[in-house]
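File shown: input19.pdb (PDB, C-alpha atoms, pLDDT in the B column).
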ATOM      1  CA  MET D   1     -99.963 110.908  -9.718  1.00 58.00           C
ATOM      2  CA  THR D   2    -102.340 109.223 -12.108  1.00 73.00           C
ATOM      3  CA  GLU D   3    -105.918 108.891 -11.145  1.00 78.00           C
ATOM      4  CA  VAL D   4    -107.482 105.441 -11.215  1.00 70.00           C
ATOM      5  CA  PRO D   5    -110.913 105.402 -12.837  1.00 67.00           C
ATOM      6  CA  PRO D   6    -113.756 104.214 -10.647  1.00 63.00           C
ATOM      7  CA  PRO D   7    -114.723 100.574 -11.079  1.00 60.00           C
ATOM      8  CA  ALA D   8    -117.467  99.915 -13.608  1.00 54.00           C
ATOM      9  CA  ALA D   9    -120.843  98.915 -12.269  1.00 49.00           C
ATOM     10  CA  PRO D  10    -121.204  95.128 -12.317  1.00 52.00           C
ATOM     11  CA  GLU D  11    -123.656  93.735 -14.804  1.00 54.00           C
ATOM     12  CA  ALA D  12    -126.536  91.752 -13.413  1.00 54.00           C
ATOM     13  CA  PRO D  13    -126.820  88.099 -14.371  1.00 56.00           C
ATOM     14  CA  VAL D  14    -129.503  87.288 -16.916  1.00 54.00           C
ATOM     15  CA  GLY D  15    -132.970  87.455 -15.401  1.00 53.00           C
ATOM     16  CA  GLN D  16    -132.008  89.640 -12.441  1.00 55.00           C
ATOM     17  CA  THR D  17    -132.483  93.296 -11.809  1.00 55.00           C
ATOM     18  CA  PRO D  18    -129.643  95.388 -13.242  1.00 58.00           C
ATOM     19  CA  PRO D  19    -127.973  97.645 -10.674  1.00 62.00           C
ATOM     20  CA  GLY D  20    -129.841 100.918 -10.531  1.00 63.00           C
ATOM     21  CA  GLY D  21    -132.303  99.820 -13.185  1.00 69.00           C
ATOM     22  CA  PRO D  22    -135.959  98.913 -13.038  1.00 76.00           C
ATOM     23  CA  PRO D  23    -136.802  95.308 -12.163  1.00 82.00           C
ATOM     24  CA  VAL D  24    -137.646  93.006 -15.044  1.00 89.00           C
ATOM     25  CA  ARG D  25    -140.127  90.151 -14.998  1.00 92.00           C
ATOM     26  CA  PRO D  26    -138.880  86.629 -15.727  1.00 93.00           C
ATOM     27  CA  HIS D  27    -139.548  85.296 -19.206  1.00 93.00           C
ATOM     28  CA  ARG D  28    -142.155  82.614 -19.963  1.00 95.00           C
ATOM     29  CA  GLY D  29    -140.415  81.251 -23.053  1.00 95.00           C
ATOM     30  CA  THR D  30    -140.468  77.610 -21.995  1.00 96.00           C
ATOM     31  CA  MET D  31    -144.194  77.686 -21.249  1.00 97.00           C
ATOM     32  CA  ILE D  32    -144.949  79.428 -24.551  1.00 97.00           C
ATOM     33  CA  LEU D  33    -142.893  76.865 -26.455  1.00 97.00           C
ATOM     34  CA  VAL D  34    -144.701  73.995 -24.713  1.00 97.00           C
ATOM     35  CA  PHE D  35    -148.066  75.577 -25.551  1.00 97.00           C
ATOM     36  CA  GLY D  36    -146.973  76.002 -29.181  1.00 97.00           C
ATOM     37  CA  ILE D  37    -145.996  72.337 -29.444  1.00 97.00           C
ATOM     38  CA  LEU D  38    -149.228  71.258 -27.737  1.00 97.00           C
ATOM     39  CA  GLY D  39    -151.080  73.388 -30.278  1.00 96.00           C
ATOM     40  CA  LEU D  40    -149.480  71.372 -33.074  1.00 95.00           C
ATOM     41  CA  VAL D  41    -150.038  67.978 -31.448  1.00 96.00           C
ATOM     42  CA  VAL D  42    -153.085  68.156 -29.181  1.00 95.00           C
ATOM     43  CA  CYS D  43    -155.455  71.084 -29.662  1.00 93.00           C
ATOM     44  CA  VAL D  44    -155.418  74.342 -31.595  1.00 95.00           C
ATOM     45  CA  ILE D  45    -156.483  76.259 -28.473  1.00 97.00           C
ATOM     46  CA  PHE D  46    -152.950  75.853 -27.118  1.00 97.00           C
ATOM     47  CA  GLY D  47    -151.647  77.300 -30.371  1.00 97.00           C
ATOM     48  CA  ILE D  48    -153.835  80.363 -30.035  1.00 97.00           C
ATOM     49  CA  VAL D  49    -152.668  80.854 -26.445  1.00 97.00           C
ATOM     50  CA  ALA D  50    -149.011  80.476 -27.485  1.00 97.00           C
ATOM     51  CA  TRP D  51    -149.437  82.984 -30.310  1.00 97.00           C
ATOM     52  CA  VAL D  52    -151.059  85.622 -28.086  1.00 97.00           C
ATOM     53  CA  MET D  53    -148.717  85.108 -25.119  1.00 97.00           C
ATOM     54  CA  GLY D  54    -145.682  85.113 -27.400  1.00 97.00           C
ATOM     55  CA  ARG D  55    -146.717  88.349 -29.055  1.00 97.00           C
ATOM     56  CA  ASN D  56    -147.315  90.056 -25.708  1.00 96.00           C
ATOM     57  CA  ASP D  57    -144.082  88.779 -24.150  1.00 96.00           C
ATOM     58  CA  LEU D  58    -141.959  89.799 -27.142  1.00 96.00           C
ATOM     59  CA  ARG D  59    -143.473  93.262 -26.889  1.00 96.00           C
ATOM     60  CA  GLU D  60    -142.571  93.379 -23.170  1.00 94.00           C
ATOM     61  CA  MET D  61    -139.022  92.193 -23.913  1.00 93.00           C
ATOM     62  CA  ALA D  62    -138.564  94.871 -26.547  1.00 93.00           C
ATOM     63  CA  ALA D  63    -139.722  97.489 -24.039  1.00 91.00           C
ATOM     64  CA  GLY D  64    -137.222  96.214 -21.456  1.00 90.00           C
ATOM     65  CA  ARG D  65    -139.829  95.110 -18.930  1.00 91.00           C
ATOM     66  CA  MET D  66    -139.158  91.379 -19.314  1.00 93.00           C
ATOM     67  CA  ASP D  67    -136.021  89.247 -19.235  1.00 93.00           C
ATOM     68  CA  ARG D  68    -134.646  88.890 -22.778  1.00 92.00           C
ATOM     69  CA  SER D  69    -132.839  85.602 -22.161  1.00 93.00           C
ATOM     70  CA  GLY D  70    -135.966  83.670 -23.229  1.00 94.00           C
ATOM     71  CA  GLU D  71    -136.501  85.574 -26.457  1.00 95.00           C
ATOM     72  CA  GLY D  72    -135.560  82.633 -28.671  1.00 95.00           C
ATOM     73  CA  LEU D  73    -137.866  80.227 -26.858  1.00 96.00           C
ATOM     74  CA  THR D  74    -140.661  82.773 -26.981  1.00 96.00           C
ATOM     75  CA  LYS D  75    -140.238  83.321 -30.725  1.00 97.00           C
ATOM     76  CA  ALA D  76    -140.170  79.559 -31.363  1.00 97.00           C
ATOM     77  CA  GLY D  77    -143.325  79.028 -29.303  1.00 97.00           C
ATOM     78  CA  LYS D  78    -145.102  81.873 -31.053  1.00 97.00           C
ATOM     79  CA  ILE D  79    -144.178  80.450 -34.463  1.00 97.00           C
ATOM     80  CA  CYS D  80    -145.368  76.948 -33.452  1.00 97.00           C
ATOM     81  CA  GLY D  81    -148.632  78.487 -32.283  1.00 97.00           C
ATOM     82  CA  MET D  82    -149.031  80.364 -35.554  1.00 97.00           C
ATOM     83  CA  ILE D  83    -148.372  77.203 -37.574  1.00 97.00           C
ATOM     84  CA  SER D  84    -150.915  75.217 -35.545  1.00 97.00           C
ATOM     85  CA  VAL D  85    -153.611  77.855 -36.073  1.00 97.00           C
ATOM     86  CA  ILE D  86    -152.879  78.131 -39.805  1.00 97.00           C
ATOM     87  CA  LEU D  87    -152.942  74.341 -40.235  1.00 97.00           C
ATOM     88  CA  ALA D  88    -156.246  74.147 -38.347  1.00 97.00           C
ATOM     89  CA  LEU D  89    -157.752  76.822 -40.604  1.00 97.00           C
ATOM     90  CA  VAL D  90    -156.549  75.010 -43.735  1.00 97.00           C
ATOM     91  CA  ALA D  91    -158.007  71.731 -42.441  1.00 97.00           C
ATOM     92  CA  LEU D  92    -161.299  73.472 -41.660  1.00 97.00           C
ATOM     93  CA  GLY D  93    -161.378  74.927 -45.185  1.00 97.00           C
ATOM     94  CA  ILE D  94    -160.738  71.520 -46.753  1.00 98.00           C
ATOM     95  CA  TRP D  95    -163.444  69.981 -44.574  1.00 97.00           C
ATOM     96  CA  LEU D  96    -165.937  72.650 -45.611  1.00 97.00           C
ATOM     97  CA  VAL D  97    -165.148  72.160 -49.310  1.00 96.00           C
ATOM     98  CA  MET D  98    -165.657  68.422 -48.935  1.00 96.00           C
ATOM     99  CA  LEU D  99    -168.934  68.959 -47.075  1.00 96.00           C
ATOM    100  CA  LEU D 100    -170.229  71.374 -49.699  1.00 95.00           C
ATOM    101  CA  SER D 101    -169.220  69.098 -52.569  1.00 94.00           C
ATOM    102  CA  ALA D 102    -170.941  66.126 -50.904  1.00 93.00           C
ATOM    103  CA  ALA D 103    -174.077  68.203 -50.381  1.00 92.00           C
ATOM    104  CA  THR D 104    -173.962  69.357 -54.001  1.00 92.00           C
ATOM    105  CA  CYS D 105    -173.549  65.806 -55.286  1.00 91.00           C
ATOM    106  CA  ALA D 106    -176.448  64.640 -53.117  1.00 89.00           C
ATOM    107  CA  ALA D 107    -178.655  67.455 -54.371  1.00 88.00           C
ATOM    108  CA  VAL D 108    -177.827  66.813 -58.022  1.00 89.00           C
ATOM    109  CA  GLY D 109    -178.407  63.078 -57.656  1.00 78.00           C
ATOM    110  CA  GLN D 110    -182.015  63.591 -56.522  1.00 62.00           C
TER
END

Please render this file's structure as structure tokens.
Amino acid sequence: MTEVPPPAAPEAPVGQTPPGGPPVRPHRGTMILVFGILGLVVCVIFGIVAWVMGRNDLREMAAGRMDRSGEGLTKAGKICGMISVILALVALGIWLVMLLSAATCAAVGQ
């Protein structure tokens, strides 16, 4: 008689606890992406929040403590947040150069 191997353990659907494994937290990829886009369009504070949350969530996903199905959304939101912060810093630098050049021209003209 041949022995039938035992059935394989069923895999858990994405976002649910795997059988016999530790529970994982749900991802926040959609929220991070929305914050990243708001950082580009509305206010740089949202970009900073998206960057920090994205970094922390990607770290949790890599450690297996968070659902990996939202990894792409999380990466996209983090990148949008990074772009918004970098653009804000460039704009601030340009503004400061313009302010200093105007002050210099005013001082020389006196």

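Of note, CA of Asp57 (chain D) and CA of Ala91 (chain D) are spaced 28.6 Å apart.
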
Contact residues around Thr74 (chain D) with all atoms listed in the file at 12 Å, ignoring same-chain residues under 6 positions, as a list of chain:residue names:
D:His27, D:Arg28, D:Gly29, D:Thr30, D:Met31, D:Ile32, D:Leu33, D:Val34, D:Phe35, D:Gly36, D:Ile37, D:Ala50, D:Trp51, D:Val52, D:Met53, D:Gly54, D:Arg55, D:Asn56, D:Asp57, D:Leu58, D:Arg59, D:Glu60, D:Met61, D:Met66, D:Asp67, D:Arg68, D:Cys80, D:Gly81

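The gap separating CA of Leu87 (chain D) from CA of Thr104 (chain D) is 25.6 Å, in Å to one decimal.
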
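We find CA of Ala76 (chain D) and CA of Val24 (chain D) to be spaced 21.3 Å apart.
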
Edge lengths and centre in Å to one decimal, as JSON, of the axis-aligned box that encloses all listed atoms of region 56-66 of chain D with 5 Å added on every side?
{"center_x": -142.3, "center_y": 93.1, "center_z": -23.0, "size_x": 20.1, "size_y": 18.7, "size_z": 18.2}

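Distance annotation: of D:Ala62, D:Cys105, D:Val42, D:Ile48, the residue with the minimal separation from Ile83 (chain D) is D:Ile48; atom set is only C-alpha atoms.
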